[in-house]
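Asks: So that you have it, the file is work.cif, and it contains mmCIF, C-alpha atoms:
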data_final
loop_
_atom_site.label_atom_id
_atom_site.label_comp_id
_atom_site.auth_asym_id
_atom_site.auth_seq_id
_atom_site.Cartn_x
_atom_site.Cartn_y
_atom_site.Cartn_z
CA ASN A 1 29.52 -37.70 36.43
CA LEU A 2 30.13 -40.68 34.21
CA CYS A 3 27.39 -40.09 31.67
CA GLY A 4 28.68 -41.51 28.39
CA GLU A 5 31.96 -42.65 29.89
CA ALA A 6 33.00 -46.20 30.56
CA GLY A 7 33.13 -47.63 34.04
CA ALA A 8 29.86 -46.23 35.37
CA ALA A 9 28.49 -49.67 36.20
CA GLN A 10 31.62 -50.66 38.11
CA ARG A 11 31.45 -47.43 40.13
CA ALA A 12 27.79 -48.10 40.97
CA LEU A 13 28.65 -51.59 42.16
CA GLU A 14 31.50 -50.23 44.26
CA ASP A 15 29.16 -47.67 45.80
CA ALA A 16 26.66 -50.33 46.81
CA PHE A 17 29.36 -52.49 48.33
CA LEU A 18 30.92 -49.56 50.19
CA ARG A 19 27.64 -48.56 51.80
CA ARG A 20 27.01 -52.08 53.06
CA PHE A 21 30.57 -52.43 54.26
CA LEU A 22 30.43 -49.22 56.26
CA ALA A 23 27.03 -50.07 57.65
CA GLY A 24 28.54 -53.28 58.94
CA THR A 25 31.82 -51.81 60.19
CA PHE A 26 30.07 -49.14 62.25
CA PRO A 27 27.00 -51.02 63.32
CA GLY A 28 24.31 -48.79 64.70
CA LEU A 29 26.57 -45.74 64.56
CA LEU A 30 25.83 -44.27 61.20
CA ALA A 31 23.75 -41.16 61.74
CA ASP A 32 23.11 -40.54 58.08
CA GLU A 33 23.95 -41.81 54.62
CA VAL A 34 27.61 -42.12 53.78
CA VAL A 35 28.82 -39.53 51.26
CA LEU A 36 31.10 -41.10 48.66
CA LYS A 37 33.41 -38.90 46.66
CA ARG A 38 35.93 -39.82 44.01
CA ARG A 39 38.80 -37.62 43.06
CA GLY A 40 40.50 -39.41 40.16
CA ASN A 41 41.78 -42.57 41.76
CA LEU A 42 41.18 -41.51 45.35
CA LEU A 43 38.05 -42.65 47.12
CA VAL A 44 36.81 -40.39 49.93
CA LEU A 45 34.14 -41.68 52.27
CA CYS A 46 32.52 -39.14 54.58
CA ALA A 47 30.46 -40.63 57.37
CA LEU A 48 28.53 -39.08 60.23
CA LEU A 49 28.62 -41.23 63.33
CA GLY A 50 27.00 -41.18 66.67
CA ARG A 51 29.14 -41.07 69.81
CA ALA A 52 28.65 -44.50 71.31
CA LEU A 53 32.15 -45.85 70.78
CA PRO A 54 35.27 -44.64 72.56
CA PRO A 55 37.75 -42.87 70.31
CA HIS A 56 40.42 -45.59 70.25
CA LYS A 57 37.90 -48.06 68.92
CA LEU A 58 36.81 -45.61 66.28
CA TYR A 59 40.38 -45.01 65.22
CA PHE A 60 40.92 -48.71 64.93
CA LEU A 61 37.83 -49.13 62.78
CA LEU A 62 38.96 -46.22 60.64
CA GLY A 63 42.35 -47.79 59.92
CA TYR A 64 40.82 -51.19 59.41
CA ALA A 65 38.31 -49.89 56.88
CA GLU A 66 40.89 -47.82 55.02
CA THR A 67 43.46 -50.59 54.62
CA LEU A 68 40.95 -53.29 53.82
CA LEU A 69 39.15 -51.23 51.19
CA GLY A 70 42.46 -50.02 49.80
CA THR A 71 43.78 -53.50 49.21
CA PHE A 72 40.38 -54.58 47.96
CA TYR A 73 39.92 -51.88 45.33
CA LYS A 74 43.60 -51.17 44.65
CA CYS A 75 43.13 -47.45 45.09
CA PRO A 76 43.83 -45.03 47.97
CA VAL A 77 40.85 -44.80 50.32
CA ARG A 78 40.35 -41.99 52.79
CA LEU A 79 37.68 -42.18 55.46
CA GLU A 80 36.61 -38.87 56.99
CA LEU A 81 34.52 -39.36 60.10
CA GLN A 82 32.53 -36.87 62.09
CA THR A 83 30.56 -37.52 65.24
CA VAL A 84 27.28 -35.87 66.03
CA PRO A 85 25.50 -35.99 69.36
CA ALA A 86 22.19 -36.90 67.80
CA ARG A 87 20.85 -37.64 64.39
CA VAL A 88 20.10 -34.42 62.53
CA PRO A 89 16.81 -34.62 60.68
CA TYR A 90 17.10 -33.27 57.18
CA LYS A 91 13.61 -31.94 56.93
CA HIS A 92 10.93 -31.51 59.53
CA LEU A 93 7.56 -32.42 58.10
CA MET B 1 22.31 -58.58 66.47
CA ALA B 2 23.82 -55.72 64.62
CA ALA B 3 21.27 -53.29 66.02
CA ARG B 4 22.11 -54.26 69.56
CA ALA B 5 25.85 -54.22 69.19
CA GLY B 6 26.14 -50.64 70.40
CA ARG B 7 24.72 -51.51 73.79
CA ASP B 8 26.73 -52.28 76.84
CA PRO B 9 25.45 -54.58 79.60
CA SER B 10 25.18 -52.11 82.44
CA PRO B 11 26.04 -48.46 82.90
CA GLN B 12 27.89 -48.78 86.19
CA LEU B 13 30.39 -51.31 84.95
CA GLN B 14 31.08 -49.13 81.98
CA VAL B 15 32.03 -46.15 84.12
CA LYS B 16 34.42 -48.07 86.36
CA SER B 17 36.39 -49.91 83.79
CA VAL B 18 37.09 -47.13 81.42
CA SER B 19 40.38 -45.28 81.04
CA TYR B 20 41.49 -43.05 78.22
CA LYS B 21 44.95 -42.09 77.19
CA VAL B 22 44.43 -39.62 74.48
CA ASP B 23 46.72 -36.94 73.24
CA GLN B 24 44.94 -33.71 73.85
CA GLU B 25 47.42 -31.38 72.21
CA LYS B 26 46.83 -32.14 68.54
CA PRO B 27 43.58 -33.75 67.58
CA ARG B 28 44.11 -35.88 64.50
CA PRO B 29 42.86 -34.05 61.45
CA GLU B 30 40.65 -36.87 60.20
CA MET B 31 38.84 -37.46 63.42
CA ASP B 32 37.34 -34.12 63.84
CA GLU B 33 34.48 -33.85 66.25
CA THR B 34 36.78 -34.16 69.30
CA LEU B 35 37.13 -37.73 70.20
CA SER B 36 39.85 -36.72 72.59
CA LEU B 37 37.97 -36.53 75.82
CA PRO B 38 38.88 -34.16 78.58
CA ILE B 39 39.28 -35.34 82.16
CA PRO B 40 37.12 -35.67 84.19
CA LEU B 41 35.14 -38.11 82.17
CA SER B 42 31.45 -37.49 82.00
CA LEU B 43 28.95 -39.71 80.41
CA GLU B 44 25.53 -38.38 79.77
CA LEU B 45 23.06 -41.12 80.18
CA PRO B 46 19.81 -40.39 78.51
CA SER B 47 16.87 -40.31 80.89
CA GLU B 48 14.50 -43.21 81.22
CA GLN B 49 12.12 -41.58 78.81
CA ASP B 50 14.80 -41.17 76.18
CA GLN B 51 16.01 -44.65 76.74
CA GLY B 52 12.56 -45.94 76.17
CA SER B 53 12.23 -44.11 72.89
CA VAL B 54 15.72 -45.12 71.87
CA ARG B 55 15.02 -48.73 72.62
CA ARG B 56 11.91 -48.56 70.55
CA ARG B 57 13.82 -47.19 67.57
CA GLY B 58 16.58 -49.66 68.22
CA ARG B 59 19.22 -47.94 66.04
CA MET B 60 20.66 -44.95 67.94
CA PRO B 61 23.46 -45.61 70.44
CA GLN B 62 22.45 -45.75 74.05
CA PHE B 63 25.21 -43.61 75.43
CA VAL B 64 25.99 -40.13 74.30
CA ARG B 65 29.47 -39.05 75.22
CA SER B 66 30.15 -35.41 75.78
CA ALA B 67 32.65 -34.11 73.36
CA ALA B 68 35.41 -31.61 73.83
CA PRO B 69 34.66 -28.13 72.53
CA PRO B 70 35.27 -27.83 68.79
CA ARG B 71 38.60 -26.64 67.52
CA THR B 72 37.08 -23.44 66.21
CA GLU B 73 36.98 -21.99 69.69
CA ARG B 74 40.74 -22.24 69.96
CA MET B 75 41.46 -20.69 66.56
CA THR B 76 43.09 -17.29 66.48
CA VAL B 77 42.14 -14.73 63.91
CA ASP B 78 45.59 -14.64 62.31
CA GLN B 79 46.17 -18.38 62.15
CA ASP B 80 47.66 -20.08 59.12
CA TRP B 81 44.61 -21.40 57.29
CA SER B 82 46.62 -23.52 54.86
CA SER B 83 47.59 -25.78 57.76
CA VAL B 84 43.97 -26.31 58.74
CA TYR B 85 43.05 -27.35 55.21
CA PRO B 86 46.30 -28.35 53.49
CA THR B 87 44.61 -30.60 50.92
CA ALA B 88 41.18 -31.03 49.49
CA ALA B 89 39.06 -32.47 52.27
CA ALA B 90 35.45 -32.75 53.26
CA PHE B 91 33.82 -29.95 55.19
CA LYS B 92 34.49 -30.28 58.91
CA PRO B 93 32.15 -28.07 60.92
CA ALA B 94 34.42 -28.06 63.95
CA SER B 95 37.39 -26.86 61.90
CA VAL B 96 35.71 -24.09 59.94
CA PRO B 97 34.97 -21.12 62.19
CA LEU B 98 32.22 -19.75 59.97
CA PRO B 99 28.52 -19.81 60.92
CA ILE B 100 27.34 -21.37 57.67
CA ARG B 101 23.84 -22.65 57.13
CA MET B 102 22.83 -24.83 54.22
CA GLY B 103 19.77 -26.72 53.16
CA TYR B 104 16.06 -26.26 52.80
CA PRO B 105 14.85 -23.91 55.51
CA VAL B 106 12.77 -25.24 58.35
CA LYS B 107 9.20 -23.96 58.13
CA ARG B 108 9.22 -20.29 59.12
CA GLY B 109 12.82 -20.66 60.04
CA VAL B 110 16.33 -20.76 58.73
CA PRO B 111 18.36 -23.39 56.89
CA PRO B 112 19.89 -26.01 59.17
CA PRO B 113 23.22 -25.21 60.88
CA LYS B 114 26.55 -26.63 59.88
CA GLU B 115 26.83 -29.36 62.56
CA GLY B 116 25.95 -32.70 61.06
CA ASN B 117 24.91 -31.02 57.81
CA LEU B 118 25.18 -33.56 55.04
CA GLU B 119 24.62 -30.99 52.33
CA LEU B 120 27.78 -29.14 53.28
CA ILE B 121 29.73 -32.39 53.17
CA LYS B 122 28.37 -33.37 49.78
CA ILE B 123 29.41 -30.30 47.88
CA PRO B 124 33.04 -29.80 46.85
CA ASN B 125 34.66 -26.99 48.82
CA PHE B 126 37.72 -24.92 47.99
CA LEU B 127 38.84 -24.21 51.52
CA HIS B 128 42.25 -25.58 50.60
CA LEU B 129 42.68 -23.06 47.76
CA THR B 130 42.71 -19.68 49.45
CA PRO B 131 44.96 -17.08 47.76
CA PRO B 132 47.79 -17.43 50.32
CA ALA B 133 47.71 -21.20 49.83
CA ILE B 134 47.90 -20.79 46.06
CA LYS B 135 50.83 -18.41 46.48
CA LYS B 136 52.61 -21.08 48.48
CA HIS B 137 51.90 -23.66 45.75
CA CYS B 138 53.30 -21.35 43.08
CA ALA B 139 56.39 -20.61 45.12
CA ALA B 140 57.02 -24.31 45.58
CA LEU B 141 56.47 -25.06 41.88
CA LYS B 142 58.67 -22.22 40.67
CA ASP B 143 61.81 -24.28 41.13
CA PHE B 144 60.59 -26.78 38.58
CA CYS B 145 59.64 -24.28 35.91
CA THR B 146 61.80 -22.86 33.11
CA GLU B 147 61.37 -19.46 31.51
CA TRP B 148 59.37 -18.99 28.33
CA PRO B 149 61.88 -18.46 25.49
CA SER B 150 62.24 -14.71 25.10
CA ALA B 151 62.48 -14.91 21.31
CA LEU B 152 58.88 -16.11 21.06
CA ASP B 153 57.10 -13.06 22.36
CA SER B 154 54.28 -12.83 19.81
CA ASP B 155 51.80 -15.16 18.16
CA GLU B 156 53.24 -14.49 14.71
CA LYS B 157 56.71 -15.55 15.78
CA CYS B 158 55.33 -18.71 17.34
CA GLU B 159 53.53 -19.48 14.12
CA GLN B 160 56.59 -18.71 12.04
CA HIS B 161 58.85 -21.07 13.99
CA PHE B 162 56.25 -23.72 14.79
CA PRO B 163 53.73 -23.74 11.94
CA ILE B 164 52.21 -27.14 12.71
CA GLU B 165 49.83 -27.35 15.70
CA ILE B 166 49.24 -30.75 17.24
CA GLU B 167 46.18 -31.27 19.42
CA THR B 168 45.76 -34.28 21.70
CA VAL B 169 43.29 -34.84 24.52
CA ASP B 170 43.95 -36.66 27.78
CA TYR B 171 40.99 -38.04 29.71
CA VAL B 172 40.71 -38.34 33.49
CA SER B 173 37.79 -40.09 35.05
CA SER B 174 36.95 -41.17 38.58
CA GLY B 175 37.92 -44.78 38.63
CA THR B 176 40.90 -47.04 38.88
CA SER B 177 41.69 -47.17 35.15
CA ILE B 178 43.59 -44.46 33.28
CA ARG B 179 42.92 -45.96 29.84
CA ASN B 180 40.43 -44.23 27.58
CA PRO B 181 40.14 -45.17 23.90
CA LYS B 182 39.28 -41.56 22.99
CA ALA B 183 42.78 -40.47 23.95
CA ARG B 184 44.39 -41.81 20.77
CA VAL B 185 42.92 -39.08 18.51
CA VAL B 186 45.51 -36.63 17.13
CA THR B 187 44.65 -33.43 15.20
CA LEU B 188 47.21 -31.63 13.03
CA ARG B 189 46.61 -28.05 11.95
CA VAL B 190 48.79 -26.13 9.53
CA LYS B 191 48.33 -22.94 7.52
CA LEU B 192 48.97 -23.42 3.82
CA SER B 193 50.69 -20.05 3.63
CA ASN B 194 53.46 -21.53 5.79
CA LEU B 195 54.04 -24.35 3.32
CA ASN B 196 56.16 -23.76 0.24
CA LEU B 197 53.52 -24.24 -2.47
CA ASP B 198 53.17 -22.64 -5.89
CA ASP B 199 49.85 -21.96 -7.55
CA HIS B 200 49.39 -25.39 -9.17
CA ALA B 201 50.58 -27.22 -6.03
CA LYS B 202 48.20 -25.31 -3.80
CA LYS B 203 45.20 -25.98 -6.00
CA LYS B 204 46.11 -29.65 -6.29
CA LEU B 205 46.54 -29.94 -2.53
CA ILE B 206 43.18 -28.34 -1.87
CA LYS B 207 41.56 -30.74 -4.31
CA LEU B 208 43.27 -33.69 -2.68
CA VAL B 209 42.24 -32.90 0.89
CA GLY B 210 38.74 -31.77 0.07
CA GLU B 211 36.76 -30.98 3.21
CA ARG B 212 39.75 -30.78 5.52
CA TYR B 213 40.74 -27.34 4.20
CA CYS B 214 39.02 -24.22 5.44
CA GLN B 215 38.95 -21.41 2.88
CA GLU B 216 38.39 -18.51 5.30
CA THR B 217 41.24 -19.28 7.67
CA ASP B 218 43.56 -21.04 5.22
CA VAL B 219 44.01 -23.90 7.67
CA LEU B 220 44.43 -27.55 6.76
CA THR B 221 43.18 -29.87 9.53
CA ILE B 222 44.10 -33.54 9.55
CA THR B 223 42.49 -35.75 12.23
CA THR B 224 43.82 -39.26 12.64
CA ASP B 225 42.45 -41.97 14.87
CA ARG B 226 42.87 -45.16 12.90
CA CYS B 227 45.82 -46.46 14.95
CA PRO B 228 45.46 -47.77 18.50
CA LEU B 229 48.20 -45.58 20.00
CA ARG B 230 48.62 -41.83 20.06
CA ARG B 231 52.24 -41.99 18.94
CA GLN B 232 51.24 -44.06 15.91
CA ASN B 233 48.47 -41.64 15.02
CA TYR B 234 50.85 -38.70 15.24
CA ASP B 235 53.36 -40.44 12.96
CA TYR B 236 50.61 -41.27 10.51
CA GLY B 237 49.40 -37.66 10.48
CA MET B 238 52.90 -36.33 9.75
CA HIS B 239 53.31 -38.96 7.04
CA LEU B 240 50.03 -37.83 5.44
CA LEU B 241 51.19 -34.22 5.43
CA THR B 242 54.51 -35.14 3.82
CA VAL B 243 52.86 -37.24 1.15
CA LEU B 244 50.32 -34.52 0.33
CA TYR B 245 53.05 -31.93 0.01
CA HIS B 246 55.19 -33.98 -2.33
CA GLU B 247 52.30 -35.22 -4.42
CA SER B 248 50.96 -31.72 -4.96
CA TRP B 249 54.25 -30.62 -6.45
CA LYS B 250 54.25 -33.45 -9.00
CA THR B 251 52.28 -32.99 -12.21
CA GLU B 252 50.70 -36.07 -13.68
CA LYS B 253 50.02 -36.53 -17.36
CA TRP B 254 46.27 -36.61 -16.97
CA GLU B 255 46.22 -33.22 -15.22
CA SER B 256 46.40 -31.52 -18.57
CA GLU B 257 42.83 -32.72 -19.20
CA LYS B 258 41.54 -30.28 -16.59
CA SER B 259 38.41 -28.73 -17.99
CA GLU B 260 36.54 -25.57 -17.22
CA GLU B 261 34.24 -27.34 -14.71
CA ASP B 262 37.26 -28.37 -12.62
CA MET B 263 38.59 -24.85 -12.27
CA GLU B 264 38.43 -23.42 -8.78
CA GLU B 265 38.14 -19.81 -9.82
CA TYR B 266 36.89 -18.00 -12.87
CA ILE B 267 39.53 -17.27 -15.54
CA TRP B 268 38.49 -14.77 -18.16
CA GLU B 269 41.03 -15.64 -20.82
CA ASN B 270 39.59 -18.12 -23.32
CA SER B 271 36.15 -17.99 -21.80
CA ARG B 272 32.79 -17.46 -23.42
CA SER B 273 32.54 -13.98 -21.96
CA GLN B 274 35.78 -12.96 -23.66
CA LYS B 275 34.68 -14.45 -26.97
CA ASN B 276 31.30 -12.73 -26.80
CA ALA B 277 32.80 -9.37 -25.92
CA LEU B 278 35.40 -9.55 -28.67
CA ASP B 279 32.78 -10.68 -31.21
CA THR B 280 30.45 -7.82 -30.35
CA LEU B 281 33.22 -5.22 -30.49
CA LEU B 282 34.48 -6.49 -33.79
CA ARG B 283 30.99 -6.33 -35.25
CA ILE B 284 30.45 -2.80 -33.95
CA LYS B 285 33.74 -1.71 -35.47
CA ALA B 286 32.88 -3.41 -38.76
CA SER B 287 29.46 -1.74 -38.88
CA GLU B 288 31.04 1.63 -38.24
CA ASN B 289 33.45 0.89 -41.02
CA VAL B 290 36.51 1.51 -38.96
CA SER B 291 39.73 0.00 -40.15
CA ASN B 292 40.36 -3.50 -38.98
CA VAL B 293 41.51 -3.56 -35.43
CA THR B 294 43.19 -6.67 -34.24
CA GLU B 295 42.09 -8.72 -31.32
CA GLU B 296 45.23 -7.93 -29.36
CA GLU B 297 44.55 -4.24 -29.61
CA LEU B 298 41.01 -4.74 -28.44
CA LEU B 299 42.14 -6.90 -25.54
CA ALA B 300 44.68 -4.31 -24.52
CA SER B 301 42.17 -1.47 -24.65
CA GLU B 302 40.97 -0.11 -21.36
CA VAL B 303 37.26 -0.68 -21.83
CA VAL B 304 37.82 -4.36 -22.41
CA LYS B 305 40.09 -4.54 -19.38
CA ASN B 306 37.43 -2.88 -17.23
CA TYR B 307 34.84 -5.32 -18.48
CA ARG B 308 37.18 -8.22 -17.77
CA ASN B 309 37.80 -7.11 -14.20
CA SER B 310 34.13 -6.58 -13.46
CA VAL B 311 33.15 -10.01 -14.86
CA ILE B 312 35.90 -11.72 -12.83
CA ALA B 313 34.80 -9.89 -9.69
CA LEU B 314 31.19 -10.91 -10.22
CA LYS B 315 31.98 -14.57 -10.78
CA ASN B 316 34.58 -15.01 -8.04
CA GLU B 317 33.19 -12.88 -5.28
CA GLY B 318 29.49 -13.19 -5.90
CA GLU B 319 26.98 -10.42 -6.46
CA THR B 320 27.38 -7.33 -4.33
CA GLU B 321 26.16 -3.77 -4.84
CA SER B 322 29.56 -2.47 -5.85
CA ASN B 323 30.24 -5.42 -8.14
CA ILE B 324 27.02 -5.00 -10.07
CA SER B 325 27.41 -1.25 -10.45
CA GLN B 326 30.98 -1.75 -11.60
CA TYR B 327 29.73 -4.24 -14.19
CA LYS B 328 27.09 -1.77 -15.36
CA GLU B 329 29.68 0.99 -15.81
CA SER B 330 32.05 -1.27 -17.70
CA VAL B 331 29.32 -2.49 -20.05
CA LYS B 332 28.21 1.07 -20.72
CA LYS B 333 31.76 2.06 -21.59
CA LEU B 334 32.29 -1.07 -23.68
CA LEU B 335 29.25 -0.53 -25.83
CA ASN B 336 29.72 3.22 -25.77
CA ILE B 337 26.26 3.84 -24.45
CA GLN B 338 25.56 7.16 -22.81
CA ALA B 339 22.82 7.65 -20.26
CA GLY B 340 20.57 9.54 -22.64
CA GLU B 341 20.92 6.97 -25.36
CA GLU B 342 20.07 4.29 -22.89
CA ARG B 343 16.69 5.86 -22.28
CA LEU B 344 16.11 6.19 -25.99
CA CYS B 345 16.88 2.54 -26.54
CA ARG B 346 14.41 1.57 -23.87
CA TYR B 347 11.58 3.53 -25.35
CA ASN B 348 12.33 1.99 -28.66
#
Let me see the structure of the file written as C-alpha cells.
Replies:
Amino acid sequence: NLCGEAGAAQRALEDAFLRRFLAGTFPGLLADEVVLKRRGNLLVLCALLGRALPPHKLYFLLGYAETLLGTFYKCPVRLELQTVPARVPYKHL
Amino acid sequence: MAARAGRDPSPQLQVKSVSYKVDQEKPRPEMDETLSLPIPLSLELPSEQDQGSVRRRGRMPQFVRSAAPPRTERMTVDQDWSSVYPTAAAFKPASVPLPIRMGYPVKRGVPPPKEGNLELIKIPNFLHLTPPAIKKHCAALKDFCTEWPSALDSDEKCEQHFPIEIETVDYVSSGTSIRNPKARVVTLRVKLSNLNLDDHAKKKLIKLVGERYCQETDVLTITTDRCPLRRQNYDYGMHLLTVLYHESWKTEKWESEKSEEDMEEYIWENSRSQKNALDTLLRIKASENVSNVTEEELLASEVVKNYRNSVIALKNEGETESNISQYKESVKKLLNIQAGEERLCRYN
C-alpha cells in the first residue's frame, strides 16, 4: 500500500502495462484477471490460464515473459501460472 | 486475430502430429496444474453444443486438455513440507492438500472451492513459514550470529555503559528504488543523570534545549534532519550534544542578572514569604515585649523551618491535600494559634 509514499504512480503505470503485456503474451488463455504482487523489488505475477496450449509452449512463454519483463523493469520477475479446465465464475447471479 | 489465435485448423491433424517428451518424475514447481501429460494422450473435444457456445463467446480455448492428477494425491502424510513451499509463493491448489474454500458463498451453498480461486491467490499466505521451516532457518542462521555480551545482562547495565540511544528508521517499499528521503532522520536520546552536570549546568542546559527535555523521564531528545545524509545528521547530533554540555558548564557574565521570574523552582531564602514571616514574628515578639531576638535565631527556629518547608512544597509541587494541611499546621504553630483561639478569632 503506497498511500503517502513516493512511487505510487509509477507502480500503477507498471501494473497497467503488465496486464496488457500478459493479455497479449497468452492470447485467449487468461481465465481471470492477473494477480500482481510486489515483495520489495520482486514482482510476482499470478495468472490463471486455460489449457489450450501444450506445456512446452507454455514454458517457453513463461521464460520469455520473465526475461523480457526483467530486463525491461530492471527487477526480478516471477510468473506463477496455473491452468484451470474452465473459467471459474466468481459469483453466480 | 488475437481472439482466434487459440484455435487450430482441424482436430484430426492436431492429434496426429503431436508428441510430448515431458519429464513426469518432478513437475516443475512453477507450472503447477500438471502440464506434464500422461501417456496415452487424450484430448477432450467439447461437443458440438459446447463448441457453438464457445465460438459465440470467442474467448475460451477450443480444446481442453485433460490434466494429470494433482500432486496432492501423491503426497504422503509425513512429507517434508518445507520442500513443497521453500519460499514465499502464491497459493497452488494442486500443491496444498487442504480442502480450503474461500469467497462469497454461492446462494444457499458454500464458498467456492480452491481450484481456480483467485481470492486464495490474492491473499498473502505463510505456507513457507511453518514451525519446522523456521527452525531450519534459525539453525542455518546460527552460524552467522555472535553471543550477546554476558556482562550486559540488565537494562541498567546497558544504560550505564551506553547512555546515548540513537534511533534511525530504514524504509522499504515495493518498487525498484531503495531511496527514501525520510531515512535521513536521526534521533538522539540521553538521560541527563548520565551526564556529569552540576546544579547550575543542569539548569542552564534545560533552559538551552527548551522543549526537547522531558521533566518526568529526565530524557533529552535531539532530532536532526537538516543534512541530506544519515551519517551527517548523526555527526551533527553528537556535535550539538557536545556543544550543549560544554556551554552549560561555562558561566557568562550576564547570567548573574538572573531574576526571580527566571528561576525554575521556588527558593524561599530572600523571598517575599520569608520577609513577611520574619516581619510578622518580629512584630509579635515586640508587642509581647520579649527581648530582641535576632533574625538568625528566628530563621533557625523550628516553627519557621516548618513554615519554610510547607511553602516550598506548595509552590514547587502544587496544591495537594497533604500540602495544604501541612501549611495549615505550620502557620498555626508559627502564629501560636490554638484550635480554640482560632474559633474565638472567627467569631470576633
Asks: Run through the PyMOL selection byres ((chain A and resi 6-22) around 9) on the given coordinates and return the selected residues as a ChimeraX atom specification.
Replies: /A:1-5,23-27,30,33-34,36,45,47,65,69,73 /B:173-175,177,180
Asks: On this structure, which residues satisfy the PyMOL selection byres ((chain A) within 7 of (chain B)), written as a short mmCIF file (atom, residue, chain, number, x, y, z; two decimals) with C-alpha atoms, keeping the file's coordinate frame?
Replies:
data_model
loop_
_atom_site.label_atom_id
_atom_site.label_comp_id
_atom_site.auth_asym_id
_atom_site.auth_seq_id
_atom_site.Cartn_x
_atom_site.Cartn_y
_atom_site.Cartn_z
CA PRO A 27 27.00 -51.02 63.32
CA GLY A 28 24.31 -48.79 64.70
CA LEU A 29 26.57 -45.74 64.56
CA VAL A 35 28.82 -39.53 51.26
CA ARG A 38 35.93 -39.82 44.01
CA ARG A 39 38.80 -37.62 43.06
CA GLY A 40 40.50 -39.41 40.16
CA ASN A 41 41.78 -42.57 41.76
CA LEU A 48 28.53 -39.08 60.23
CA GLY A 50 27.00 -41.18 66.67
CA ARG A 51 29.14 -41.07 69.81
CA ALA A 52 28.65 -44.50 71.31
CA PRO A 55 37.75 -42.87 70.31
CA CYS A 75 43.13 -47.45 45.09
CA GLU A 80 36.61 -38.87 56.99
CA LEU A 81 34.52 -39.36 60.10
CA GLN A 82 32.53 -36.87 62.09
CA THR A 83 30.56 -37.52 65.24
CA VAL A 84 27.28 -35.87 66.03
CA PRO A 85 25.50 -35.99 69.36
CA VAL A 88 20.10 -34.42 62.53
CA LYS A 91 13.61 -31.94 56.93
CA HIS A 92 10.93 -31.51 59.53
#
Asks: Would you work out the distance separating CA of Leu53 (chain A) from CA of Arg71 (chain B), expressed in Å to one decimal?
Replies: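 According to the coordinates, CA of Leu53 (chain A) and CA of Arg71 (chain B) are separated by 20.5 Å.
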Asks: What is the distance, in Å and to one decimal place, between CA of Leu49 (chain A) and CA of Leu68 (chain A)?
Replies: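 Spanning CA of Leu49 (chain A) to CA of Leu68 (chain A) is a straight-line distance of 19.7 Å.
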Asks: Figure out the distance between CA of Glu211 (chain B) and CA of Glu260 (chain B), please, to one decimal in Å.
Replies: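 Going from CA of Glu260 (chain B) over to CA of Glu211 (chain B), I get 21.1 Å.
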Asks: So what does the PyMOL selection byres ((chain A and resi 66) around 10) actually pick up in this one, as a PyMOL selection string?
Replies: chain A and resi 43-45+60-65+67-72+76-79
Asks: Can you pull out the residues contacting region 143-159 of chain B? Cut-off 12 Å, using all atoms listed in the file, and skip same-chain residues under 2 positions away; I want them as an MDAnalysis selection string.
Replies: chainID B and resid 137:141 161:165 189:195
Asks: Pick the closest to Leu299 (chain B) from B:Asp78, B:Glu216, B:Glu247, B:Asp279: which is it, counting all atoms listed in the file?
Replies: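 The shortest atom-to-atom distance to Leu299 (chain B) comes from B:Asp279.
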